[in-house]
Amino acid sequence: MKNRGTLINLNGKIIPLEEAKVSVFDRSFLYGDSLYEVVRTYQGKPFRLKEHLARMEKSAVLCQMQFSQPTSEYEREMLRSIEAYRAQPGKSNEDVYVRIVVSRGSGKIGFGLGNLETPTLYVIIVEPISMFPNKPFNEGAKLQISKRIRNHPMALDPAMKSGNYLNSLLAYLTAAEQGYDDALMLDQQGFMTEGTTYNLFYVNRGIVATSPLDVGILDGVTRRAIINLCVENGIPCREVRFPKEYLYQADEVFVSSSLKEVLPVLNLDGKKINGGKAGPIALKLKKAFDELVKRELHLD
Ligand SMILES: Cc1ncc(COP(=O)(O)O)c(C=O)c1O
C-alpha cells in the first residue's frame, strides 16, 4: 500500500508500513472480532484520550474480551506514536488522526475462545488529519435518513465500538450512491438514533435535544462534551426519543464526533434545514467546543 505519511505501531513496536502485517487467521479479519477508538490531536495533544480508552474498556466488557495489555499501555503507546509521527521531518506542526484497534487475537478457525493461539493484538495507526476531509463548518453536511435501521441493542449493541461496522457502512454506501455525504439511522420503532459514525442533535425553539443512550447509540465523547457545554452556557438540553419528522421541522440539526466536532446538517433528505445555513446554537456550541479544547489542552 502507498505510504501517505502513515505511522504504524504494532503491539508496541513502531514499524514500517510494509512490515505491518496481521494474520489471515486474525479474528478481526475473520469475524470483525475487534474493538477500536479514534482520537484526533490539537497541536499534537489528543483530546480526552482517557475517556476514549475508558469507553474501549466498557466495549471489552460488552463483548467479553479480555485485553492482554493494560489500557495504560495503549495510552502510552498512542502518545508515543503521536510523538514519533511529529518527530518526522516536516511533521512537527501536523495534527493527526489516531486509531487504535484491538483484535481478540488469532488461532484456529471457530468462535470458541479455546481456538485462540495469541494474546489480544493491537495496532495504532497515525495519519495526517487532512486525509479525513470533513465538510467545513459553514458548508455543513447533507445527510440521508437511511432505510437501514441501527443495530438493535439486543443484537450488536451500538454502545460497543467494535470493528464490525458493516451495518453503518452499508447505510453510508446507499447514501453516498444517492449523492448524500452520509446517513442517519432510525431504530426499529422509528426513533432517531445517530449517524453512521457520529451522534445527532436538533434544536427547536432554543432547546437542544439528542437521542438518549438507551435508544441504542454510542456514548460519544464529543456528545458528552456538548451536553456539558449546553449546561455551562445555559442552553437547555434534553435526552429524548424523537421521530424523523422532528428533524425536518427543526430550527437546527447538527452532528458530533471526535473528527467532526460540531457539524451542522444543512440538508436532510433533500430538504434544507434553517434555510441551508448554520444556526446560532450550533455556532455557539462550536465556539464553546473550540474554547473547551484550548482550555483543557492548554493550547496557545
Ligand atoms: C456510531 C458512532 N456514534 C458516535 C460516534 C462519535 O463518538 P466520539 O464523539 O466519541 O468520537 C462515533 C465515533 O466513532 C461512532 O462510530
# chains A, B, ... in the order shown; residues from 1 in each chain; ligands from 1

$ residues_near_ligand --ligand "ligand 1" --cutoff "6 Å" --atoms "only C-alpha atoms and all ligand atoms" --output "list in words"
Thr196, Thr197, Tyr198, Asn199, Leu218, Gly220, Val221, Thr222, Arg223, Ser256, Ser257 and Ser258 of chain A

$ write_last_selection --atoms "C-alpha atoms" --output "mmCIF file, in the first residue's frame"
data_model
loop_
_atom_site.group_PDB
_atom_site.id
_atom_site.type_symbol
_atom_site.label_atom_id
_atom_site.label_comp_id
_atom_site.auth_asym_id
_atom_site.auth_seq_id
_atom_site.Cartn_x
_atom_site.Cartn_y
_atom_site.Cartn_z
ATOM 1 C CA THR A 196 -23.032 6.068 10.929
ATOM 2 C CA THR A 197 -20.047 7.413 12.891
ATOM 3 C CA TYR A 198 -21.395 10.379 14.834
ATOM 4 C CA ASN A 199 -24.100 11.454 17.273
ATOM 5 C CA LEU A 218 -22.636 5.022 21.014
ATOM 6 C CA GLY A 220 -19.916 9.693 22.161
ATOM 7 C CA VAL A 221 -17.121 11.536 23.924
ATOM 8 C CA THR A 222 -17.986 14.654 21.908
ATOM 9 C CA ARG A 223 -21.723 14.195 22.601
ATOM 10 C CA SER A 256 -20.884 15.423 16.638
ATOM 11 C CA SER A 257 -17.812 13.224 16.750
ATOM 12 C CA SER A 258 -14.139 13.451 17.573
#

$ residues_around --residues "A:Tyr246" --least-positions-apart "5" --cutoff "10 Å" --atoms "only C-alpha atoms" --output "list in words"
Met192, Tyr202, Val203, Asn204, Asp251 and Val253 of chain A

$ closest_residue --among "A:Asp33, A:Glu117, A:Glu177, A:Glu261" --to "A:Ile226" --atoms "only C-alpha atoms"
A:Glu261

$ residues_around --residues "A:Gly105" --least-positions-apart "2" --cutoff "12 Å" --atoms "only C-alpha atoms" --output "PDB file with C-alpha atoms, in the first residue's frame"
ATOM      1  CA  ASN A  11       1.902  -4.413  19.637  1.00  0.00           C
ATOM      2  CA  VAL A  22      -1.746  -9.181  10.577  1.00  0.00           C
ATOM      3  CA  SER A  23      -2.509 -12.902  10.224  1.00  0.00           C
ATOM      4  CA  VAL A  24      -5.295 -14.072   7.918  1.00  0.00           C
ATOM      5  CA  PHE A  25      -6.451 -16.054  10.975  1.00  0.00           C
ATOM      6  CA  ASP A  26      -6.839 -12.872  12.999  1.00  0.00           C
ATOM      7  CA  ARG A  27     -10.366 -12.743  14.397  1.00  0.00           C
ATOM      8  CA  SER A  28     -10.777  -9.091  13.432  1.00  0.00           C
ATOM      9  CA  PHE A  29     -10.383 -10.229   9.814  1.00  0.00           C
ATOM     10  CA  LEU A  30     -12.460 -13.396  10.151  1.00  0.00           C
ATOM     11  CA  TYR A  31     -15.292 -12.075  12.327  1.00  0.00           C
ATOM     12  CA  GLY A  32     -14.883  -8.358  12.944  1.00  0.00           C
ATOM     13  CA  ASP A  33     -13.946  -9.546  16.458  1.00  0.00           C
ATOM     14  CA  SER A  34     -12.131  -6.389  17.488  1.00  0.00           C
ATOM     15  CA  LEU A  35     -12.653  -3.048  19.182  1.00  0.00           C
ATOM     16  CA  MET A  65     -12.889  -9.512  25.543  1.00  0.00           C
ATOM     17  CA  GLN A  66     -10.023  -9.518  27.978  1.00  0.00           C
ATOM     18  CA  PHE A  67      -7.190  -7.289  26.911  1.00  0.00           C
ATOM     19  CA  SER A  68      -3.789  -8.923  27.263  1.00  0.00           C
ATOM     20  CA  VAL A 101      -7.642  -1.375  17.008  1.00  0.00           C
ATOM     21  CA  VAL A 102      -7.538  -4.253  19.470  1.00  0.00           C
ATOM     22  CA  SER A 103      -8.235  -7.677  17.998  1.00  0.00           C
ATOM     23  CA  GLY A 107      -5.661 -19.020  16.067  1.00  0.00           C
ATOM     24  CA  LYS A 108      -7.745 -21.833  14.639  1.00  0.00           C
ATOM     25  CA  ILE A 109     -10.964 -21.013  12.794  1.00  0.00           C
ATOM     26  CA  PHE A 111     -15.739 -18.989  17.538  1.00  0.00           C
ATOM     27  CA  LEU A 113     -12.002 -18.969  22.746  1.00  0.00           C
ATOM     28  CA  GLY A 114     -10.107 -22.252  23.025  1.00  0.00           C
ATOM     29  CA  ASN A 115      -9.090 -21.730  19.404  1.00  0.00           C
ATOM     30  CA  LEU A 116      -7.070 -18.639  20.285  1.00  0.00           C
ATOM     31  CA  GLU A 117      -3.333 -19.056  19.987  1.00  0.00           C
ATOM     32  CA  THR A 118      -2.223 -15.460  20.605  1.00  0.00           C
ATOM     33  CA  PRO A 119      -2.859 -12.721  23.115  1.00  0.00           C
ATOM     34  CA  THR A 120      -5.002  -9.774  22.020  1.00  0.00           C
ATOM     35  CA  LEU A 121      -3.197  -7.835  19.328  1.00  0.00           C
ATOM     36  CA  TYR A 122      -3.206  -4.074  18.952  1.00  0.00           C
ATOM     37  CA  VAL A 123      -2.443  -1.728  16.105  1.00  0.00           C
TER      38      VAL A 123
END

$ closest_residue --among "A:Phe47, A:Tyr180, A:Tyr172, A:Phe242" --to "A:Thr193" --atoms "only C-alpha atoms"
A:Phe242

$ select_by_dssp --residues "stretch 22-210 of chain A" --states "helix (DSSP H, G or I)" --output "MDAnalysis selection string"
chainID A and resid 27:31 49:62 71:86 113:115 129:131 166:177

$ atom_distance --atom1 "atom CA of A:Lys21" --atom2 "atom CA of A:Cys63"
24.5 Å

$ residues_around --residues "A:Lys271" --least-positions-apart "6" --cutoff "10 Å" --atoms "only C-alpha atoms" --output "ChimeraX atom specification"
/A:142-144,248-249

$ closest_residue --among "A:Gly90, A:Ile100, A:Gln43, A:Lys161" --to "A:Asn9" --atoms "only C-alpha atoms"
A:Ile100

$ residues_around --residues "A:Lys50" --least-positions-apart "4" --cutoff "9 Å" --atoms "only C-alpha atoms" --output "PDB file with N, CA and C atoms, in the first residue's frame"
ATOM      1  N   ALA A  54     -11.416   4.556  28.296  1.00  0.00           N
ATOM      2  CA  ALA A  54     -12.404   4.043  29.267  1.00  0.00           C
ATOM      3  C   ALA A  54     -13.583   3.438  28.503  1.00  0.00           C
ATOM      4  N   ARG A  55     -13.964   4.079  27.404  1.00  0.00           N
ATOM      5  CA  ARG A  55     -15.066   3.524  26.596  1.00  0.00           C
ATOM      6  C   ARG A  55     -14.645   2.192  25.980  1.00  0.00           C
ATOM      7  N   GLU A  75      -2.509   3.739  26.146  1.00  0.00           N
ATOM      8  CA  GLU A  75      -2.388   5.201  26.257  1.00  0.00           C
ATOM      9  C   GLU A  75      -0.945   5.632  25.995  1.00  0.00           C
TER      10      GLU A  75
END

$ atom_distance --atom1 "atom CA of A:Arg150" --atom2 "atom CA of A:Asp187"
5.4 Å

$ closest_residue --among "A:Phe289, A:Glu73, A:Tyr42, A:His298" --to "A:Ala225" --atoms "only C-alpha atoms"
A:Phe289

$ select_by_dssp --residues "stretch 125-157 of chain A" --states "strand (DSSP E)" --output "PyMOL selection string"
chain A and resi 125-128+141-145

$ closest_residue --among "A:Ile235, A:Arg205, A:Gln188, A:Asp269" --to "A:Ala155" --atoms "only C-alpha atoms"
A:Gln188

$ atom_distance --atom1 "atom CA of A:Arg148" --atom2 "atom CA of A:Ala171"
6.0 Å

$ closest_residue --among "A:Ile124, A:Ala250, A:Ala282, A:Met131" --to "A:Leu263" --atoms "only C-alpha atoms"
A:Ala282

$ residues_around --residues "A:Cys230" --least-positions-apart "2" --cutoff "10 Å" --atoms "only C-alpha atoms" --output "list in words"
Ile207, Val208, Arg224, Ala225, Ile226, Ile227, Asn228, Glu232, Asn233, Gly234, Ile235, Pro236, Cys237, Arg238, Ile281, Lys284, Leu285 and Ala288 of chain A

$ write_last_selection --atoms "N, CA and C atoms" --output "short mmCIF file (atom, residue, chain, number, x, y, z; two decimals), in the first residue's frame"
data_model
loop_
_atom_site.label_atom_id
_atom_site.label_comp_id
_atom_site.auth_asym_id
_atom_site.auth_seq_id
_atom_site.Cartn_x
_atom_site.Cartn_y
_atom_site.Cartn_z
N ILE A 207 -34.21 24.96 22.40
CA ILE A 207 -33.93 23.77 23.23
C ILE A 207 -33.20 22.73 22.38
N VAL A 208 -32.08 22.26 22.92
CA VAL A 208 -31.29 21.23 22.22
C VAL A 208 -31.79 19.86 22.65
N ARG A 224 -21.02 13.89 24.89
CA ARG A 224 -21.00 14.23 26.32
C ARG A 224 -20.48 15.64 26.54
N ALA A 225 -19.40 15.97 25.83
CA ALA A 225 -18.81 17.31 25.97
C ALA A 225 -19.84 18.37 25.58
N ILE A 226 -20.62 18.10 24.53
CA ILE A 226 -21.62 19.09 24.07
C ILE A 226 -22.75 19.23 25.09
N ILE A 227 -23.19 18.11 25.64
CA ILE A 227 -24.25 18.19 26.65
C ILE A 227 -23.76 19.08 27.82
N ASN A 228 -22.51 18.87 28.24
CA ASN A 228 -21.96 19.69 29.33
C ASN A 228 -21.82 21.14 28.93
N GLU A 232 -23.24 24.44 30.80
CA GLU A 232 -22.38 25.58 31.16
C GLU A 232 -22.83 26.89 30.52
N ASN A 233 -23.41 26.78 29.33
CA ASN A 233 -23.80 28.00 28.60
C ASN A 233 -25.28 28.34 28.75
N GLY A 234 -25.95 27.68 29.66
CA GLY A 234 -27.36 27.98 29.92
C GLY A 234 -28.27 27.63 28.75
N ILE A 235 -27.87 26.67 27.93
CA ILE A 235 -28.72 26.23 26.82
C ILE A 235 -29.45 24.96 27.28
N PRO A 236 -30.78 24.98 27.32
CA PRO A 236 -31.48 23.76 27.76
C PRO A 236 -31.18 22.59 26.81
N CYS A 237 -30.90 21.44 27.38
CA CYS A 237 -30.56 20.26 26.56
C CYS A 237 -31.26 19.03 27.14
N ARG A 238 -31.98 18.32 26.29
CA ARG A 238 -32.73 17.14 26.75
C ARG A 238 -32.29 15.90 25.98
N ILE A 281 -27.26 28.28 17.49
CA ILE A 281 -26.87 27.39 18.61
C ILE A 281 -25.70 26.51 18.20
N LYS A 284 -22.70 28.66 18.37
CA LYS A 284 -22.30 28.93 19.75
C LYS A 284 -21.61 27.70 20.35
N LEU A 285 -22.18 26.52 20.06
CA LEU A 285 -21.59 25.30 20.63
C LEU A 285 -20.25 24.98 19.98
N ALA A 288 -17.86 27.25 21.68
CA ALA A 288 -17.63 26.79 23.05
C ALA A 288 -16.76 25.53 23.03
#

$ residues_around --residues "A:Val215" --least-positions-apart "2" --cutoff "8 Å" --atoms "only C-alpha atoms" --output "list in words"
Pro153, Asp187, Phe191, Thr193, Ser211, Pro212, Leu213, Ile217 and Arg241 of chain A
